[in-house]
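*Asks:* Encoded as structure tokens, here's the structure I'll be asking about.
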Amino acid sequence: MSKVWFITGAGSGIGAATVTAALEAGDRVVATGRNLNKVRKALNHVAGDNLALVSLDVANEAQAKPAVDAAISAFGRIDVLVNNAGYSLLGNFEELRTAEIEQLMATNFYGVMYVMRAVLPVMRKQRSGRIINISSLAGVVGFKHCGAYSAAKFAVEGLSESVAHEVEPFGIKITAIEPGFFRTDLLEAHNAKYASSTIEDYAAEGTAENMWSGYHGAQQGDPAKLGDVLVSIAGMDNPPKQFVAGSDALAVVQPALEARLREVRAYAGLSKSTDGAAS
């Protein structure tokens with residue numbers, strides 16, 4: 001059966017690729033973005049009656065419900081929500097200003113929360129739905145210069161897994177996607193943000209911009225192929241709760257989780273020593 005998608009951050013990268021994949025699968029899509037001209041330009045090749053464009057700055061809670069209402073007005077329902085909007089803020093934790101971190105969280109975490117709150121009543125009424133939250137490899141494993149970005153993505157992971165238990169009785173399934181390096185605009189010079197201050201003790205290791213900017217355009221992941229995978233996941237009766245996307249991500253996540261499990265087992269005795277009889 002044809003689905004209706006609601007996709008944030010649809011003006012580039014994984015968002016635009018998922019819009020294209022869903023339309024090619026015969027579905028209808030509400031593509032949202034803060035800059036509708038950018039979204040329109042990115043999706044000009046697939047424009048048609050099955051595509052509706054809606055303005056949405058996910059960091060602004062007041063815009064979430066009107067955007068969802070516009071989607072319902074256009075197509076009558078929402079079957080798949082893809083929370084994709086976000087950007088990167090990179091730098092040593094001590095060098096990041098609180099305001100910079102709060103701004104990042106407003107988009108990368110609270111934006112996910114606001115849109116989920118607006119869409120869940122629709123899906124509960126339908127007694128069906130799929131929510132796909134775009135997390136990151138950095139939402140599973142910590143990396144240098146990624147403290148703020150990882151904090152937001154780890155929060156998305158926790159929100160996704162916890163809420164999944166609450167809404168499953170209503171036929172709603174939630175999947176967190178954990179992409180590795182994909183050829184998106186995340187590290188593009190005009191999109192990526194870096195720490196605005198420097199601390200001399202960290203200088204010997206070089207700047208975050210020097211470390212990360214070189215990856216832009218050289219990532220091995222293909223957003224179009226990930227878009228096709230997301231369409232497949234949205235059609236599963238029992239989709240995964242977490243999905244690691246890309247061989248590079250698998251190569252990092254698998255040993256990291258195995259090392260974490262070994263550490264849990266190594267300190268199991270100490271953990272159990274905290275047990276005590278109830279008074």
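To be explicit about the labels: the chains of the structure tokens are called A, B, and onward in the order shown, and within each one the residues are counted from 1, while ligands get numbers from 1 in the order they are shown.
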Using only C-alpha atoms, which residues sit within 7 Å of segment 141-154 of chain A once same-chain residues fewer than 3 positions away are excluded, as a PyMOL selection string?
*Replies:* chain A and resi 88-93+101+105+108-109+135-138+157-158+208+253
*Asks:* Could those residues be written to a file, using all heavy atoms, as a short mmCIF file (atom, residue, chain, number, x, y, z; two decimals), in the first residue's frame?
*Replies:*
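Result file follows (out07.cif):
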```cif
data_model
loop_
_atom_site.label_atom_id
_atom_site.label_comp_id
_atom_site.auth_asym_id
_atom_site.auth_seq_id
_atom_site.Cartn_x
_atom_site.Cartn_y
_atom_site.Cartn_z
N SER A 88 26.53 19.74 12.14
CA SER A 88 27.63 19.32 13.00
C SER A 88 28.27 20.52 13.69
O SER A 88 28.39 21.60 13.10
CB SER A 88 28.70 18.56 12.20
OG SER A 88 29.24 19.39 11.19
N LEU A 89 28.63 20.33 14.94
CA LEU A 89 29.41 21.30 15.71
C LEU A 89 30.60 20.52 16.26
O LEU A 89 30.41 19.58 17.05
CB LEU A 89 28.59 21.89 16.85
CG LEU A 89 29.35 22.75 17.88
CD1 LEU A 89 29.92 24.00 17.21
CD2 LEU A 89 28.45 23.12 19.05
N LEU A 90 31.80 20.89 15.85
CA LEU A 90 32.98 20.11 16.17
C LEU A 90 34.03 20.96 16.89
O LEU A 90 34.22 22.13 16.56
CB LEU A 90 33.58 19.51 14.90
CG LEU A 90 32.64 18.62 14.08
CD1 LEU A 90 33.24 18.29 12.73
CD2 LEU A 90 32.31 17.35 14.84
N GLY A 91 34.70 20.34 17.83
CA GLY A 91 35.75 21.03 18.59
C GLY A 91 35.91 20.39 19.94
O GLY A 91 35.02 19.67 20.42
N ASN A 92 37.04 20.62 20.59
CA ASN A 92 37.24 20.11 21.94
C ASN A 92 36.17 20.68 22.86
O ASN A 92 35.81 21.86 22.76
CB ASN A 92 38.64 20.52 22.45
CG ASN A 92 39.74 19.86 21.66
OD1 ASN A 92 39.81 18.64 21.56
ND2 ASN A 92 40.63 20.67 21.09
N PHE A 93 35.67 19.84 23.73
CA PHE A 93 34.55 20.21 24.59
C PHE A 93 34.79 21.52 25.33
O PHE A 93 33.92 22.39 25.39
CB PHE A 93 34.27 19.08 25.59
CG PHE A 93 33.29 19.43 26.66
CD1 PHE A 93 31.96 19.68 26.34
CD2 PHE A 93 33.68 19.53 27.99
CE1 PHE A 93 31.04 20.02 27.32
CE2 PHE A 93 32.77 19.86 28.97
CZ PHE A 93 31.44 20.10 28.64
N ILE A 101 26.52 24.90 22.05
CA ILE A 101 26.00 23.56 22.33
C ILE A 101 24.48 23.58 22.41
O ILE A 101 23.80 22.70 21.89
CB ILE A 101 26.61 23.01 23.64
CG1 ILE A 101 28.12 22.87 23.48
CG2 ILE A 101 25.98 21.67 24.00
CD1 ILE A 101 28.84 22.49 24.78
N MET A 105 21.83 21.44 20.18
CA MET A 105 20.82 20.57 20.78
C MET A 105 19.41 20.97 20.32
O MET A 105 18.54 20.12 20.14
CB MET A 105 20.91 20.62 22.30
CG MET A 105 22.19 20.04 22.89
SD MET A 105 22.37 18.26 22.60
CE MET A 105 21.13 17.60 23.72
N ASN A 108 19.40 19.33 16.69
CA ASN A 108 19.70 17.91 16.55
C ASN A 108 18.96 17.01 17.54
O ASN A 108 18.76 15.83 17.24
CB ASN A 108 21.20 17.68 16.72
CG ASN A 108 22.00 18.19 15.53
OD1 ASN A 108 21.54 19.02 14.76
ND2 ASN A 108 23.22 17.70 15.38
N PHE A 109 18.56 17.54 18.68
CA PHE A 109 17.79 16.73 19.63
C PHE A 109 16.37 17.25 19.83
O PHE A 109 15.40 16.55 19.57
CB PHE A 109 18.48 16.60 20.98
CG PHE A 109 17.62 15.89 21.99
CD1 PHE A 109 17.29 14.56 21.82
CD2 PHE A 109 17.10 16.56 23.08
CE1 PHE A 109 16.46 13.90 22.72
CE2 PHE A 109 16.28 15.90 24.00
CZ PHE A 109 15.96 14.57 23.81
N SER A 135 20.30 9.11 13.47
CA SER A 135 21.30 9.33 14.51
C SER A 135 22.66 9.42 13.81
O SER A 135 22.81 10.14 12.84
CB SER A 135 21.24 8.18 15.53
OG SER A 135 22.26 8.30 16.50
N SER A 136 23.64 8.67 14.27
CA SER A 136 24.97 8.73 13.70
C SER A 136 25.83 7.64 14.32
O SER A 136 25.54 7.13 15.40
CB SER A 136 25.61 10.11 14.00
OG SER A 136 26.98 10.13 13.67
N LEU A 137 26.90 7.31 13.62
CA LEU A 137 27.95 6.49 14.23
C LEU A 137 28.41 7.13 15.54
O LEU A 137 28.70 6.45 16.53
CB LEU A 137 29.12 6.38 13.24
CG LEU A 137 30.44 5.78 13.73
CD1 LEU A 137 30.25 4.36 14.23
CD2 LEU A 137 31.48 5.83 12.61
N ALA A 138 28.41 8.47 15.55
CA ALA A 138 28.80 9.21 16.76
C ALA A 138 27.72 9.17 17.84
O ALA A 138 27.93 9.70 18.93
CB ALA A 138 29.10 10.67 16.40
N GLU A 157 19.27 8.52 20.40
CA GLU A 157 19.24 7.06 20.58
C GLU A 157 18.39 6.69 21.79
O GLU A 157 17.53 5.80 21.72
CB GLU A 157 20.66 6.52 20.77
CG GLU A 157 21.57 6.66 19.57
CD GLU A 157 21.45 5.53 18.59
OE1 GLU A 157 20.95 4.45 18.96
OE2 GLU A 157 21.89 5.71 17.44
N GLY A 158 18.63 7.37 22.91
CA GLY A 158 17.88 7.06 24.13
C GLY A 158 16.41 7.37 23.99
O GLY A 158 15.55 6.58 24.42
N ALA A 208 40.06 21.09 15.06
CA ALA A 208 39.00 20.19 14.63
C ALA A 208 38.72 20.36 13.14
O ALA A 208 38.48 19.39 12.41
CB ALA A 208 37.73 20.46 15.44
N VAL A 253 31.58 0.09 15.01
CA VAL A 253 30.57 -0.20 16.03
C VAL A 253 30.73 -1.60 16.60
O VAL A 253 30.66 -1.79 17.82
CB VAL A 253 29.15 -0.02 15.46
CG1 VAL A 253 28.10 -0.57 16.42
CG2 VAL A 253 28.88 1.46 15.20
#
```
*Asks:* Enumerate as a compact mmCIF listing (two decimals) with C-alpha atoms, in the first residue's frame all residues of segment 98-239 of chain A assigned to alpha helix (DSSP H) by DSSP on the backbone, naming them with the chain letters and numbers the document uses.
*Replies:*
```txt
# COMPACT_ATOMS: atom_id res chain seq x y z
CA THR A 98 27.47 26.83 26.05
CA ALA A 99 25.37 28.84 23.59
CA GLU A 100 26.86 26.87 20.68
CA ILE A 101 26.00 23.56 22.33
CA GLU A 102 22.47 24.71 23.19
CA GLN A 103 21.90 25.78 19.58
CA LEU A 104 23.10 22.40 18.33
CA MET A 105 20.82 20.57 20.78
CA ALA A 106 17.88 22.74 19.69
CA THR A 107 18.13 21.35 16.17
CA ASN A 108 19.70 17.91 16.55
CA TYR A 110 14.90 19.03 20.52
CA GLY A 111 13.98 19.23 16.84
CA VAL A 112 13.51 15.46 16.81
CA MET A 113 11.46 15.67 19.99
CA TYR A 114 9.20 18.49 18.71
CA VAL A 115 8.39 16.72 15.45
CA MET A 116 7.78 13.39 17.17
CA ARG A 117 5.35 15.07 19.59
CA ALA A 118 3.46 16.57 16.65
CA VAL A 119 3.33 13.34 14.60
CA LEU A 120 2.63 10.75 17.31
CA PRO A 121 -1.04 11.78 17.86
CA VAL A 122 -1.63 11.26 14.14
CA MET A 123 -0.02 7.83 14.18
CA ARG A 124 -1.83 6.80 17.37
CA LYS A 125 -5.15 7.70 15.77
CA GLN A 126 -4.18 5.62 12.72
CA GLY A 147 31.43 15.81 22.37
CA ALA A 148 28.46 18.08 21.64
CA TYR A 149 27.43 16.32 18.43
CA SER A 150 27.67 12.90 20.11
CA ALA A 151 25.70 14.14 23.12
CA ALA A 152 22.83 15.12 20.82
CA LYS A 153 22.95 11.85 18.88
CA PHE A 154 23.22 9.69 22.03
CA ALA A 155 20.15 11.57 23.28
CA VAL A 156 18.31 10.72 20.04
CA GLU A 157 19.24 7.06 20.58
CA GLY A 158 17.88 7.06 24.13
CA LEU A 159 14.69 8.88 23.15
CA SER A 160 14.10 6.50 20.24
CA GLU A 161 14.59 3.30 22.22
CA SER A 162 12.55 4.44 25.21
CA VAL A 163 9.58 5.86 23.30
CA ALA A 164 9.54 2.75 21.10
CA HIS A 165 8.35 0.74 24.12
CA GLU A 166 5.58 3.24 24.83
CA VAL A 167 4.11 3.44 21.33
CA ALA A 208 39.00 20.19 14.63
CA GLU A 209 38.50 21.84 11.25
CA ASN A 210 41.85 20.54 9.99
CA MET A 211 41.01 17.04 11.20
CA TRP A 212 37.46 16.78 9.85
CA PRO A 223 22.96 8.77 0.32
CA ALA A 224 20.88 7.43 -2.59
CA LYS A 225 21.58 3.85 -1.54
CA LEU A 226 20.74 4.67 2.08
CA GLY A 227 17.47 6.23 0.89
CA ASP A 228 16.58 2.92 -0.75
CA VAL A 229 17.42 1.09 2.48
CA LEU A 230 15.18 3.41 4.51
CA VAL A 231 12.30 2.65 2.14
CA SER A 232 12.92 -1.07 2.79
CA ILE A 233 13.03 -0.55 6.57
CA ALA A 234 9.79 1.47 6.47
```
*Asks:* Considering only C-alpha atoms, give me a table of residues in segment 61-154 of chain A that are at most 6 Å from segment 169-177 of chain A, with the closest atom pair and distance in Å for each, as CSV.
*Replies:*
```
residue,atom,partner,partner_atom,distance
A:Arg124,CA,A:Phe170,CA,5.8
A:Arg127,CA,A:Phe170,CA,4.8
A:Ser128,CA,A:Gly171,CA,4.4
A:Gly129,CA,A:Ile172,CA,4.6
A:Arg130,CA,A:Lys173,CA,5.0
A:Ile131,CA,A:Ile174,CA,4.6
A:Ile132,CA,A:Thr175,CA,4.9
A:Asn133,CA,A:Ala176,CA,4.8
A:Ile134,CA,A:Ile177,CA,4.9
A:Ser135,CA,A:Ile177,CA,5.3
```
*Asks:* Looking at A:Pro66, A:Phe181, A:Leu36, A:Gly235, which one is nearest to Ser2 of chain A, with distances taken over only C-alpha atoms?
*Replies:*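 Going through A:Pro66, A:Phe181, A:Leu36, A:Gly235 one by one, the smallest distance to Ser2 of chain A is for A:Gly235.
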*Asks:* How far is it from atom CA of Thr32 of chain A to atom CA of Phe182 of chain A, in Å with one decimal?
*Replies:*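 Going from atom CA of Thr32 of chain A over to atom CA of Phe182 of chain A covers 20.7 Å.
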*Asks:* Using only C-alpha atoms, which of the listed residues (A:Ile7, A:Leu81, A:Ala21, A:Met1) sits closest to Leu56 of chain A?
*Replies:*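 The shortest atom-to-atom distance to Leu56 of chain A comes from A:Ile7.
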*Asks:* Extract, using only C-alpha atoms, all DNA, RNA and protein residues at most 12 Å from Gln254 of chain A, discarding same-chain residues fewer than 5 positions from it, and format them as a list in words.
*Replies:*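 Non-adjacent residues within range: Leu137, Val140, Val141, Val244, Ser247, Asp248, Ala249, Ala259, Arg260 and Leu261 of chain A.
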*Asks:* Okay, now the selection with all heavy atoms, as a CSV table (one decimal), in the first residue's frame?
*Replies:*
```csv
chain,number,residue,atom,x,y,z
A,137,LEU,N,26.9,7.3,13.6
A,137,LEU,CA,28.0,6.5,14.2
A,137,LEU,C,28.4,7.1,15.5
A,137,LEU,O,28.7,6.4,16.5
A,137,LEU,CB,29.1,6.4,13.2
A,137,LEU,CG,30.4,5.8,13.7
A,137,LEU,CD1,30.2,4.4,14.2
A,137,LEU,CD2,31.5,5.8,12.6
A,140,VAL,N,26.8,6.2,18.8
A,140,VAL,CA,27.1,4.9,19.4
A,140,VAL,C,28.5,4.9,20.0
A,140,VAL,O,28.8,4.3,21.1
A,140,VAL,CB,27.0,3.8,18.4
A,140,VAL,CG1,27.2,2.4,19.0
A,140,VAL,CG2,25.7,3.9,17.6
A,141,VAL,N,29.4,5.6,19.3
A,141,VAL,CA,30.8,5.6,19.7
A,141,VAL,C,31.3,7.1,19.8
A,141,VAL,O,31.0,7.9,18.9
A,141,VAL,CB,31.7,4.9,18.7
A,141,VAL,CG1,33.2,4.9,19.1
A,141,VAL,CG2,31.2,3.4,18.5
A,244,VAL,N,22.8,0.1,11.8
A,244,VAL,CA,24.1,0.6,11.5
A,244,VAL,C,24.3,0.7,10.0
A,244,VAL,O,24.2,-0.3,9.3
A,244,VAL,CB,25.3,-0.2,12.1
A,244,VAL,CG1,26.6,0.4,11.8
A,244,VAL,CG2,25.1,-0.3,13.6
A,247,SER,N,29.6,0.1,5.7
A,247,SER,CA,30.6,-0.8,6.2
A,247,SER,C,31.6,-0.2,7.1
A,247,SER,O,32.2,-0.8,8.0
A,247,SER,CB,31.4,-1.5,5.0
A,247,SER,OG,32.0,-0.4,4.2
A,248,ASP,N,31.9,1.1,6.9
A,248,ASP,CA,32.8,1.8,7.8
A,248,ASP,C,32.2,1.9,9.2
A,248,ASP,O,32.9,1.8,10.2
A,248,ASP,CB,33.1,3.2,7.3
A,248,ASP,CG,31.9,4.1,7.1
A,248,ASP,OD1,30.8,3.6,6.9
A,248,ASP,OD2,32.1,5.3,7.0
A,249,ALA,N,30.9,2.2,9.3
A,249,ALA,CA,30.3,2.2,10.6
A,249,ALA,C,30.3,0.8,11.3
A,249,ALA,O,30.6,0.7,12.5
A,249,ALA,CB,28.8,2.7,10.5
A,259,ALA,N,33.9,-4.6,23.0
A,259,ALA,CA,34.8,-4.1,24.0
A,259,ALA,C,34.0,-3.7,25.2
A,259,ALA,O,34.4,-3.9,26.4
A,259,ALA,CB,35.7,-3.0,23.5
A,260,ARG,N,32.9,-3.0,25.0
A,260,ARG,CA,32.0,-2.6,26.1
A,260,ARG,C,31.4,-3.8,26.9
A,260,ARG,O,31.4,-3.8,28.1
A,260,ARG,CB,30.9,-1.7,25.5
A,260,ARG,CG,30.1,-1.0,26.6
A,260,ARG,CD,29.0,-0.1,25.9
A,260,ARG,NE,29.7,0.9,25.0
A,260,ARG,CZ,29.0,1.8,24.3
A,260,ARG,NH1,27.6,1.7,24.3
A,260,ARG,NH2,29.6,2.6,23.5
A,261,LEU,N,31.0,-4.8,26.1
A,261,LEU,CA,30.5,-6.0,26.8
A,261,LEU,C,31.6,-6.7,27.6
A,261,LEU,O,31.3,-7.2,28.7
A,261,LEU,CB,29.9,-7.0,25.7
A,261,LEU,CG,29.2,-8.2,26.2
A,261,LEU,CD1,28.1,-7.9,27.2
A,261,LEU,CD2,28.7,-9.1,25.0
```
*Asks:* Among segment 5-239 of chain A, which residues carry a DSSP assignment of strand (DSSP E or B), reported as an MDAnalysis selection string?
*Replies:* chainID A and resid 5:7 28:33 51:55 80:83 89:90 129:134 172:179 182 193:194 221
*Asks:* For atom CA of Gly26 of chain A and atom CA of Gln242 of chain A, quote the distance in Å rounded to one decimal.
*Replies:* 25.6 Å
*Asks:* Identify, on the basis of only C-alpha atoms, every residue whose closest approach to Ser197 of chain A does not exceed 10 Å; exclude the query and any residue fewer than 2 positions from it along the same chain; express the result as a tab-separated table (two decimals) with N, CA and C atoms, in the first residue's frame.
*Replies:*
```
chain	number	residue	atom	x	y	z
A	91	GLY	N	34.70	20.34	17.83
A	91	GLY	CA	35.75	21.03	18.59
A	91	GLY	C	35.91	20.39	19.94
A	92	ASN	N	37.04	20.62	20.59
A	92	ASN	CA	37.24	20.11	21.94
A	92	ASN	C	36.17	20.68	22.86
A	94	GLU	N	36.00	21.70	25.87
A	94	GLU	CA	36.30	22.92	26.63
A	94	GLU	C	36.28	24.17	25.76
A	95	GLU	N	36.44	23.99	24.46
A	95	GLU	CA	36.51	25.13	23.55
A	95	GLU	C	35.13	25.52	22.99
A	96	LEU	N	34.14	24.73	23.28
A	96	LEU	CA	32.79	25.03	22.80
A	96	LEU	C	32.05	25.91	23.80
A	97	ARG	N	31.42	26.95	23.31
A	97	ARG	CA	30.63	27.81	24.18
A	97	ARG	C	29.28	27.15	24.48
A	194	TYR	N	32.45	25.00	13.88
A	194	TYR	CA	33.59	24.59	14.71
A	194	TYR	C	33.69	25.51	15.93
A	195	ALA	N	34.41	25.04	16.93
A	195	ALA	CA	34.57	25.80	18.17
A	195	ALA	C	35.05	27.22	17.87
A	199	ILE	N	42.10	26.79	23.13
A	199	ILE	CA	42.84	26.63	24.37
A	199	ILE	C	44.21	26.10	24.00
```
